[in-house]
$ cat my_file-v8.txt   # compact mmCIF, C-alpha atoms
# COMPACT_ATOMS: atom_id res chain seq x y z
CA MET X 11 -7.97 -17.79 -33.68
CA SER X 12 -9.66 -20.18 -36.03
CA VAL X 13 -9.34 -23.94 -35.80
CA SER X 14 -10.81 -26.79 -37.79
CA VAL X 15 -13.24 -29.07 -35.96
CA ARG X 16 -14.13 -32.50 -37.30
CA LEU X 17 -17.66 -33.62 -36.52
CA PRO X 18 -18.92 -37.20 -36.24
CA THR X 19 -21.65 -38.49 -38.55
CA ILE X 20 -24.35 -38.22 -35.91
CA LEU X 21 -23.73 -34.50 -35.38
CA ARG X 22 -23.67 -33.53 -39.04
CA PRO X 23 -27.45 -33.12 -39.42
CA GLN X 24 -27.26 -30.47 -36.68
CA ALA X 25 -24.43 -28.71 -38.50
CA GLY X 26 -25.90 -28.30 -41.95
CA GLY X 27 -24.49 -31.63 -43.08
CA LEU X 28 -20.89 -30.48 -42.66
CA SER X 29 -18.20 -32.96 -41.61
CA GLU X 30 -15.75 -30.23 -40.70
CA VAL X 31 -16.43 -26.73 -39.45
CA SER X 32 -14.31 -23.75 -38.56
CA ALA X 33 -14.57 -22.30 -35.05
CA GLU X 34 -12.89 -19.63 -32.95
CA GLY X 35 -11.31 -19.96 -29.54
CA GLY X 36 -8.11 -20.09 -27.56
CA THR X 37 -9.09 -23.13 -25.51
CA VAL X 38 -10.94 -26.35 -26.25
CA GLY X 39 -13.92 -25.07 -24.23
CA GLU X 40 -14.07 -21.83 -26.20
CA VAL X 41 -13.92 -23.68 -29.50
CA VAL X 42 -16.67 -26.11 -28.43
CA ASP X 43 -18.80 -23.16 -27.28
CA ASP X 44 -18.31 -21.50 -30.66
CA VAL X 45 -19.46 -24.67 -32.43
CA VAL X 46 -22.57 -24.66 -30.23
CA ARG X 47 -23.12 -20.94 -30.96
CA GLN X 48 -22.95 -21.58 -34.71
CA PHE X 49 -25.02 -24.76 -34.57
CA PRO X 50 -27.30 -24.65 -31.52
CA GLY X 51 -28.67 -28.11 -32.34
CA THR X 52 -25.34 -29.62 -31.28
CA ALA X 53 -25.59 -28.28 -27.72
CA SER X 54 -27.26 -31.25 -26.05
CA HIS X 55 -24.87 -33.62 -27.83
CA LEU X 56 -21.70 -31.85 -26.76
CA LYS X 57 -22.33 -30.46 -23.31
CA ALA X 58 -23.48 -32.05 -20.07
CA ALA X 59 -25.87 -30.25 -17.73
CA ASP X 60 -22.92 -29.15 -15.58
CA GLY X 61 -21.22 -27.44 -18.52
CA GLY X 62 -18.62 -30.19 -18.95
CA LEU X 63 -18.34 -32.46 -21.94
CA HIS X 64 -21.12 -34.99 -22.53
CA ARG X 65 -19.90 -38.26 -21.02
CA PHE X 66 -20.15 -40.09 -24.33
CA VAL X 67 -18.18 -37.43 -26.20
CA ASN X 68 -14.41 -37.44 -26.57
CA VAL X 69 -12.59 -34.41 -27.94
CA TYR X 70 -9.17 -34.90 -29.44
CA LEU X 71 -6.64 -32.14 -30.02
CA ASN X 72 -4.30 -33.39 -32.72
CA ASP X 73 -5.20 -36.99 -31.73
CA GLU X 74 -4.71 -36.46 -27.97
CA ASP X 75 -7.81 -36.88 -25.78
CA VAL X 76 -8.24 -33.48 -24.07
CA ARG X 77 -9.59 -35.10 -20.89
CA TYR X 78 -5.96 -36.09 -20.19
CA LEU X 79 -4.54 -32.73 -21.19
CA ALA X 80 -6.28 -29.86 -19.38
CA GLY X 81 -9.84 -30.72 -20.38
CA LEU X 82 -11.87 -27.78 -21.65
CA GLU X 83 -9.09 -25.46 -20.44
CA THR X 84 -6.59 -27.02 -22.84
CA PRO X 85 -5.02 -24.27 -24.98
CA VAL X 86 -5.57 -24.72 -28.69
CA PRO X 87 -2.57 -23.71 -30.78
CA SER X 88 -3.01 -22.07 -34.16
CA GLY X 89 -3.62 -24.54 -36.96
CA ALA X 90 -4.69 -27.29 -34.58
CA GLN X 91 -7.21 -29.93 -35.51
CA LEU X 92 -9.97 -30.74 -33.04
CA SER X 93 -11.99 -33.92 -33.52
CA ILE X 94 -15.23 -34.66 -31.74
CA VAL X 95 -15.78 -38.40 -31.46
CA PRO X 96 -18.53 -40.31 -29.66
CA ALA X 97 -17.32 -42.86 -27.11
CA VAL X 98 -18.14 -46.38 -28.28
CA ALA X 99 -17.04 -49.85 -27.34
CA GLY X 100 -13.72 -50.18 -29.09
CA GLY X 101 -11.60 -53.23 -29.66
CA GLY X 102 -12.59 -55.55 -26.93
CA GLY X 103 -10.21 -57.96 -28.63
CA MET T 13 11.57 -76.26 -19.39
CA ALA T 14 9.01 -77.45 -16.96
CA LEU T 15 6.36 -80.05 -17.57
CA TYR T 16 2.91 -78.50 -17.67
CA HIS T 17 -0.24 -80.39 -16.83
CA SER T 18 -2.51 -78.28 -18.99
CA VAL T 19 -2.30 -75.68 -21.72
CA LEU T 20 -4.14 -73.44 -19.27
CA ASP T 21 -0.98 -73.38 -17.15
CA LEU T 22 0.87 -71.83 -20.10
CA ILE T 23 -1.19 -68.64 -19.86
CA GLY T 24 0.74 -65.63 -18.59
CA ASP T 25 4.37 -65.16 -17.58
CA THR T 26 5.14 -63.73 -21.01
CA PRO T 27 8.58 -62.45 -21.98
CA LEU T 28 9.66 -58.82 -21.89
CA VAL T 29 12.12 -58.05 -24.65
CA ASP T 30 14.25 -54.97 -25.22
CA VAL T 31 13.37 -53.28 -28.51
CA SER T 32 15.32 -50.10 -27.76
CA ALA T 33 17.00 -50.44 -31.13
CA LEU T 34 13.77 -48.82 -32.37
CA SER T 35 13.83 -46.00 -29.82
CA PRO T 36 14.38 -42.55 -31.34
CA ASN T 37 15.95 -41.39 -28.07
CA PRO T 38 19.06 -43.04 -26.58
CA GLY T 39 17.83 -41.96 -23.12
CA VAL T 40 14.61 -43.92 -23.46
CA ARG T 41 14.56 -47.70 -23.36
CA ILE T 42 11.56 -49.44 -24.88
CA LEU T 43 10.60 -52.96 -23.83
CA ALA T 44 7.87 -55.02 -25.46
CA LYS T 45 5.79 -57.51 -23.47
CA LEU T 46 5.01 -60.29 -25.89
CA GLU T 47 1.48 -61.41 -25.17
CA GLY T 48 1.40 -63.32 -28.43
CA GLN T 49 3.35 -65.97 -26.51
CA ASN T 50 0.18 -67.01 -24.70
CA PRO T 51 -1.16 -70.35 -25.96
CA GLY T 52 -4.27 -68.79 -27.52
CA GLY T 53 -2.01 -66.21 -29.12
CA SER T 54 -3.02 -63.05 -27.30
CA VAL T 55 -3.23 -61.12 -24.04
CA LYS T 56 -6.90 -62.09 -23.90
CA ASP T 57 -6.04 -65.57 -22.64
CA ARG T 58 -5.48 -63.97 -19.26
CA ALA T 59 -8.88 -62.30 -18.89
CA ALA T 60 -10.71 -65.24 -20.46
CA LYS T 61 -9.15 -67.72 -18.05
CA ALA T 62 -9.82 -65.47 -15.06
CA MET T 63 -13.46 -64.86 -16.04
CA MET T 64 -14.10 -68.57 -16.56
CA GLU T 65 -12.45 -69.62 -13.31
CA GLU T 66 -14.39 -66.98 -11.42
CA ALA T 67 -17.67 -68.26 -12.88
CA GLU T 68 -16.72 -71.84 -12.01
CA LYS T 69 -15.93 -70.79 -8.47
CA GLU T 70 -19.35 -69.19 -8.20
CA GLY T 71 -20.99 -72.35 -9.53
CA ARG T 72 -22.32 -70.63 -12.62
CA LEU T 73 -20.64 -73.08 -15.00
CA VAL T 74 -21.19 -76.83 -15.19
CA PRO T 75 -20.01 -79.26 -17.87
CA GLY T 76 -22.09 -78.63 -20.99
CA SER T 77 -22.86 -75.02 -20.07
CA VAL T 78 -23.11 -72.48 -22.89
CA VAL T 79 -20.89 -69.40 -22.74
CA LEU T 80 -21.64 -66.25 -24.77
CA GLU T 81 -19.33 -63.32 -25.45
CA SER T 82 -18.96 -60.41 -27.84
CA SER T 83 -15.48 -60.05 -29.20
CA SER T 84 -13.60 -58.63 -32.14
CA GLY T 85 -11.64 -61.86 -32.05
CA ASN T 86 -9.00 -62.36 -29.40
CA THR T 87 -11.29 -62.78 -26.39
CA GLY T 88 -13.45 -65.10 -28.43
CA ILE T 89 -10.43 -67.14 -29.48
CA ALA T 90 -9.17 -67.35 -25.89
CA LEU T 91 -12.59 -68.38 -24.59
CA ALA T 92 -12.99 -70.90 -27.42
CA MET T 93 -9.72 -72.57 -26.51
CA ILE T 94 -10.58 -72.64 -22.80
CA CYS T 95 -14.15 -73.84 -23.39
CA ARG T 96 -12.85 -76.63 -25.61
CA ILE T 97 -10.46 -77.76 -22.89
CA LYS T 98 -13.09 -77.54 -20.16
CA GLY T 99 -16.05 -78.94 -22.10
CA TYR T 100 -18.29 -75.90 -22.46
CA ARG T 101 -20.02 -74.66 -25.59
CA LEU T 102 -19.22 -71.15 -26.79
CA THR T 103 -21.15 -68.67 -28.90
CA VAL T 104 -19.22 -65.59 -30.01
CA VAL T 105 -20.77 -62.47 -31.50
CA LEU T 106 -18.13 -61.29 -33.97
CA PRO T 107 -18.23 -58.17 -36.17
CA GLU T 108 -18.02 -59.20 -39.82
CA ASN T 109 -15.01 -56.93 -40.49
CA VAL T 110 -12.30 -58.82 -38.64
CA SER T 111 -9.41 -60.65 -40.27
CA THR T 112 -10.15 -64.08 -41.76
CA GLU T 113 -7.77 -65.73 -39.35
CA ARG T 114 -9.70 -64.54 -36.30
CA ARG T 115 -12.78 -66.32 -37.62
CA GLN T 116 -10.76 -69.40 -38.59
CA LEU T 117 -9.28 -69.71 -35.12
CA LEU T 118 -12.73 -69.59 -33.56
CA GLU T 119 -13.63 -72.44 -35.90
CA VAL T 120 -10.54 -74.41 -34.85
CA TRP T 121 -11.94 -74.61 -31.34
CA GLY T 122 -15.50 -75.21 -32.43
CA ALA T 123 -17.11 -71.95 -31.35
CA ASP T 124 -20.48 -70.98 -32.79
CA ILE T 125 -20.17 -67.62 -34.51
CA VAL T 126 -22.93 -65.04 -34.72
CA THR T 127 -21.97 -62.24 -37.11
CA SER T 128 -22.79 -58.60 -36.36
CA PRO T 129 -22.72 -55.75 -38.91
CA GLY T 130 -19.24 -54.40 -39.60
CA ALA T 131 -20.43 -50.79 -39.62
CA GLU T 132 -21.51 -51.16 -35.99
CA GLY T 133 -18.08 -52.36 -34.86
CA SER T 134 -17.54 -53.77 -31.40
CA ASN T 135 -20.42 -51.66 -30.13
CA GLY T 136 -22.82 -53.56 -32.40
CA ALA T 137 -21.37 -56.93 -31.39
CA LEU T 138 -21.80 -56.02 -27.75
CA ARG T 139 -25.40 -54.94 -28.27
CA ALA T 140 -26.21 -58.17 -30.13
CA ALA T 141 -24.62 -60.23 -27.35
CA GLN T 142 -26.64 -58.37 -24.72
CA GLU T 143 -29.82 -59.20 -26.64
CA LEU T 144 -28.82 -62.87 -26.91
CA ALA T 145 -27.99 -62.96 -23.21
CA ALA T 146 -31.44 -61.61 -22.37
CA GLU T 147 -33.03 -64.31 -24.53
CA HIS T 148 -30.93 -67.06 -22.90
CA PRO T 149 -30.67 -66.32 -19.20
CA ASP T 150 -29.19 -69.79 -18.63
CA TRP T 151 -26.12 -68.96 -20.74
CA LEU T 152 -23.03 -67.54 -19.06
CA PHE T 153 -22.22 -64.08 -20.43
CA PRO T 154 -18.82 -63.12 -18.96
CA TYR T 155 -19.18 -59.56 -20.35
CA GLN T 156 -15.51 -58.65 -20.58
CA TYR T 157 -16.26 -54.90 -20.64
CA GLY T 158 -17.74 -55.07 -17.14
CA ASN T 159 -16.27 -58.17 -15.51
CA PRO T 160 -13.95 -57.38 -12.56
CA ALA T 161 -12.06 -60.63 -13.25
CA ASN T 162 -10.76 -58.98 -16.45
CA PRO T 163 -8.71 -56.19 -14.83
CA LYS T 164 -7.97 -58.50 -11.89
CA ALA T 165 -6.14 -60.90 -14.22
CA HIS T 166 -3.80 -58.03 -15.07
CA TYR T 167 -3.55 -56.74 -11.52
CA GLU T 168 -2.49 -60.20 -10.39
CA GLY T 169 -0.61 -61.33 -13.49
CA THR T 170 0.58 -58.87 -16.11
CA GLY T 171 1.34 -56.06 -13.64
CA PRO T 172 3.41 -58.11 -11.18
CA GLU T 173 5.30 -59.73 -14.09
CA ILE T 174 6.30 -56.29 -15.40
CA TRP T 175 7.33 -55.13 -11.93
CA ARG T 176 9.35 -58.31 -11.38
CA ASP T 177 11.13 -58.06 -14.73
CA CYS T 178 11.53 -54.28 -14.86
CA PRO T 179 11.02 -52.32 -11.61
CA GLU T 180 12.61 -49.29 -13.29
CA VAL T 181 9.58 -48.94 -15.58
CA THR T 182 8.47 -45.31 -16.01
CA HIS T 183 5.70 -45.70 -18.61
CA PHE T 184 3.22 -48.41 -19.49
CA VAL T 185 1.67 -48.11 -22.96
CA ALA T 186 -1.19 -50.32 -24.14
CA GLY T 187 -4.23 -50.36 -26.35
CA LEU T 188 -7.57 -49.40 -24.86
CA GLY T 189 -10.46 -51.77 -25.58
CA THR T 190 -12.22 -53.12 -22.51
CA ALA T 191 -9.62 -51.22 -20.43
CA GLY T 192 -8.85 -54.45 -18.54
CA THR T 193 -5.12 -54.44 -19.26
CA LEU T 194 -4.64 -50.73 -18.58
CA MET T 195 -6.70 -50.68 -15.39
CA GLY T 196 -5.19 -53.84 -13.90
CA VAL T 197 -1.58 -53.16 -14.81
CA GLY T 198 -1.97 -49.44 -14.13
CA ARG T 199 -3.34 -49.93 -10.63
CA PHE T 200 -0.65 -52.42 -9.75
CA LEU T 201 2.26 -50.37 -11.05
CA LYS T 202 1.01 -47.10 -9.55
CA GLU T 203 0.62 -48.75 -6.15
CA ARG T 204 4.28 -49.70 -6.36
CA ASN T 205 5.39 -46.40 -7.87
CA PRO T 206 2.85 -43.57 -8.22
CA ASP T 207 5.11 -41.85 -10.75
CA VAL T 208 4.58 -44.56 -13.37
CA GLN T 209 2.76 -43.03 -16.33
CA LEU T 210 -0.16 -44.90 -17.87
CA TRP T 211 -0.78 -44.25 -21.56
CA ALA T 212 -3.77 -45.54 -23.53
CA VAL T 213 -3.74 -45.97 -27.28
CA GLU T 214 -6.83 -46.09 -29.45
CA PRO T 215 -7.43 -46.74 -33.13
CA PRO T 216 -9.27 -44.04 -35.09
CA ALA T 217 -12.99 -44.41 -34.55
CA GLY T 218 -13.76 -44.68 -38.26
CA GLU T 219 -16.72 -46.72 -39.31
CA MET T 220 -17.56 -47.89 -35.82
CA VAL T 221 -18.68 -44.42 -34.94
CA ASP T 222 -20.44 -43.87 -38.24
CA GLY T 223 -22.67 -46.79 -37.32
CA LEU T 224 -23.78 -45.04 -34.16
CA ARG T 225 -27.35 -43.84 -34.50
CA ASN T 226 -27.68 -41.94 -31.27
CA LEU T 227 -25.16 -40.49 -28.89
CA ASP T 228 -26.93 -42.19 -26.02
CA ASP T 229 -25.87 -45.49 -27.61
CA GLY T 230 -22.36 -44.41 -26.69
CA PHE T 231 -20.38 -46.57 -24.35
CA VAL T 232 -17.63 -46.32 -21.77
CA PRO T 233 -16.62 -49.74 -20.40
CA PRO T 234 -17.67 -50.29 -16.76
CA VAL T 235 -14.18 -51.76 -16.24
CA PHE T 236 -12.86 -48.27 -17.01
CA THR T 237 -15.27 -46.31 -14.82
CA ASP T 238 -15.27 -48.84 -11.95
CA ASN T 239 -11.50 -48.48 -11.69
CA ASP T 240 -11.63 -44.69 -11.84
CA GLY T 241 -10.04 -44.78 -15.28
CA PRO T 242 -10.08 -41.03 -15.86
CA ALA T 243 -7.97 -40.53 -12.71
CA LEU T 244 -5.70 -43.52 -13.39
CA LEU T 245 -4.83 -42.71 -17.00
CA ASP T 246 -2.25 -40.04 -17.75
CA ARG T 247 -2.59 -39.85 -21.50
CA LYS T 248 -4.89 -41.19 -24.21
CA MET T 249 -4.12 -40.84 -27.86
CA ILE T 250 -5.28 -41.99 -31.24
CA VAL T 251 -2.78 -43.73 -33.49
CA ARG T 252 -3.68 -43.81 -37.17
CA ALA T 253 -3.63 -46.97 -39.28
CA ARG T 254 -0.61 -45.86 -41.31
CA GLU T 255 1.59 -45.35 -38.24
CA SER T 256 0.30 -48.57 -36.71
CA ILE T 257 1.29 -50.57 -39.76
CA GLU T 258 4.62 -48.78 -40.16
CA TRP T 259 5.50 -49.65 -36.56
CA THR T 260 4.17 -53.19 -36.89
CA ARG T 261 6.70 -53.51 -39.72
CA ARG T 262 9.48 -51.85 -37.73
CA LEU T 263 8.89 -54.32 -34.89
CA SER T 264 9.60 -57.13 -37.32
CA ASP T 265 13.02 -55.50 -37.97
CA VAL T 266 13.99 -56.52 -34.43
CA GLY T 267 12.35 -59.92 -34.80
CA VAL T 268 9.08 -59.11 -33.07
CA PHE T 269 6.26 -60.51 -35.18
CA ALA T 270 3.25 -58.83 -33.60
CA GLY T 271 -0.24 -57.75 -34.55
CA MET T 272 -1.32 -54.32 -35.67
CA SER T 273 -2.46 -53.05 -32.27
CA SER T 274 1.09 -53.71 -31.06
CA GLY T 275 2.28 -51.43 -33.85
CA SER T 276 -0.18 -48.79 -32.58
CA ALA T 277 1.18 -49.02 -29.04
CA MET T 278 4.75 -48.93 -30.33
CA ALA T 279 4.01 -45.85 -32.45
CA ALA T 280 2.64 -44.09 -29.36
CA ALA T 281 5.67 -45.07 -27.29
CA VAL T 282 8.07 -43.81 -29.95
CA LYS T 283 6.22 -40.51 -30.20
CA GLY T 284 6.36 -40.19 -26.42
CA ALA T 285 10.03 -41.18 -26.29
CA GLU T 286 10.88 -38.22 -28.50
CA GLN T 287 9.29 -35.90 -25.92
CA LEU T 288 11.11 -37.35 -22.86
CA ASP T 289 14.60 -36.87 -21.51
CA GLU T 290 14.83 -40.41 -20.24
CA GLY T 291 12.65 -43.30 -19.27
CA VAL T 292 11.87 -46.97 -19.51
CA MET T 293 8.71 -47.69 -21.44
CA VAL T 294 6.93 -51.01 -21.38
CA VAL T 295 4.76 -51.50 -24.46
CA LEU T 296 2.14 -54.21 -24.47
CA ALA T 297 2.26 -56.25 -27.67
CA ALA T 298 -1.23 -57.72 -27.42
CA ASP T 299 -0.91 -60.49 -29.98
CA GLY T 300 1.31 -62.09 -32.57
CA GLY T 301 1.25 -61.32 -36.26
CA TRP T 302 -0.13 -64.64 -37.43
CA LYS T 303 -3.76 -63.57 -37.51
CA TYR T 304 -3.00 -60.65 -39.83
CA LEU T 305 -1.01 -62.35 -42.57
CA SER T 306 -4.04 -62.28 -44.87
CA THR T 307 -4.11 -58.48 -44.63
CA GLY T 308 -0.69 -58.22 -46.27
CA ALA T 309 0.39 -55.98 -43.39
CA TRP T 310 4.12 -56.67 -43.82
CA THR T 311 4.48 -57.25 -47.52
CA ALA T 312 1.77 -55.50 -49.52
CA ASP T 313 1.87 -51.90 -50.71
CA LEU T 314 1.57 -49.67 -47.63
CA ASP T 315 -1.23 -47.53 -49.07
CA ASP T 316 -3.27 -50.63 -49.88
CA VAL T 317 -2.76 -52.09 -46.41
CA VAL T 318 -3.70 -48.78 -44.78
CA ASP T 319 -6.83 -48.60 -46.90
CA ARG T 320 -7.85 -52.13 -45.91
CA ALA T 321 -6.99 -51.53 -42.25
CA THR T 322 -9.40 -48.60 -42.02
CA ARG T 323 -12.21 -51.08 -42.63
CA LEU T 324 -10.87 -53.73 -40.29
CA ILE T 325 -11.12 -54.05 -36.52
CA TYR T 326 -7.64 -54.92 -35.33
CA PHE T 327 -7.81 -53.94 -31.65

$ encode --input "my_file-v8.txt" --output "structure tokens"
Amino acid sequence: MSVSVRLPTILRPQAGGLSEVSAEGGTVGEVVDDVVRQFPGTASHLKAADGGLHRFVNVYLNDEDVRYLAGLETPVPSGAQLSIVPAVAGGGG
Amino acid sequence: MALYHSVLDLIGDTPLVDVSALSPNPGVRILAKLEGQNPGGSVKDRAAKAMMEEAEKEGRLVPGSVVLESSSGNTGIALAMICRIKGYRLTVVLPENVSTERRQLLEVWGADIVTSPGAEGSNGALRAAQELAAEHPDWLFPYQYGNPANPKAHYEGTGPEIWRDCPEVTHFVAGLGTAGTLMGVGRFLKERNPDVQLWAVEPPAGEMVDGLRNLDDGFVPPVFTDNDGPALLDRKMIVRARESIEWTRRLSDVGVFAGMSSGSAMAAAVKGAEQLDEGVMVVLAADGGWKYLSTGAWTADLDDVVDRATRLIYF
């Protein structure tokens, strides 16, 4: 099934300048792999050497961080929105 | 009322107030911990005081010392107040896109302000502070993102206060910045009751992330990793500016005049409350509303406020 994936600014040059791409997959991991398949230049930005997510990358499924759902195994329902967001220092009041 | 010897003694022991009138689920109570009641106006008084006292204990601060910190406002304000009381000088690296009042409060307590580019967000302010710290090794750089005294202040203060006032707590919901509040309170509550759920709330990344030039400039606070944050947290979610402002306004319906990150935490709690059968949620209201009056958060057209908020750092 096809889901929409929002890309951060720093990944757009590797994805033909697109801010949002369409990808296939039933889990977060499958969708991320499909993004990498379509845009191989994103691979080193998204995946760690061990196949997990890059430590400075957060993936949100409908605004929930997937690391606290089931990680890459998290099922992706039809019509879901995935967002890939680099981890940065936030707030810090 | 007691007689206090110093404003520093007024930090902590904040009230917990029932705001269940705003709960969408009669089975779920929602309580707000009002950190705006701290003398410097925010939860950051706790970490700032703890970091300064720790440095004093270690002999790294003497009268006249210079303190340096990066802050989107509240930590800077707390440190400025404490430095003024204790006779230290303070330099704060502040992103340019914070509310006017945050800057004004730093000026009240005489802090020197170094401005960092708004597009780089807190990340940029932190980087600039690290550069300044390297140039001035004699300055004290508490480094709130990595200072163990930050979560410790919550492990020893905020957490025990919540447990004392509400041992039936099932969920703790707070904003994620340095992770100090979540790690300290989370550790304490889970030691008492491992079933307590710890929920982190974040603002949308927005411009902060657009300013990132390289993924390797990314950042996860050492306070988060050192406390095994990924294992401690149960849920982390983004709350959009519109919901944050809507819930900041709703909080004022029950008399709670709190800042926009409190609205974010409240929005997350309400969303969670709809998914639960029952529970008692404690929501951390990190600061009062005073510093956001200039944004029109309560009174201006909602679309306009949302638009302005997307360019503002309010966590």

$ atom_distance --input "my_file-v8.txt" --atom1 "atom CA of Gln48 of chain X" --atom2 "atom CA of Leu28 of chain X"
12.1 Å

$ interface_residues --input "my_file-v8.txt" --of "chain T" --to "chain X" --cutoff "6 Å" --atoms "all atoms listed in the file" --output "PyMOL selection string"
chain T and resi 83-87+134-135+189-190+222+230-231+246-250+327

$ atom_distance --input "my_file-v8.txt" --atom1 "atom CA of Gly71 of chain T" --atom2 "atom CA of Thr170 of chain T"
26.3 Å

$ residues_around --input "my_file-v8.txt" --residues "Ser29 of chain X" --least-positions-apart "5" --cutoff "7 Å" --atoms "only C-alpha atoms" --output "list in words"
Arg16, Leu17, Pro18 and Arg22 of chain X

$ residues_near_point --input "my_file-v8.txt" --point "(-1.7, -54.5, -38.2)" --cutoff "7 Å" --atoms "only C-alpha atoms" --output "list of chain:residue names"
T:Ser256, T:Ile257, T:Thr260, T:Gly271, T:Met272, T:Ser273, T:Gly275, T:Tyr304, T:Ala309, T:Tyr326
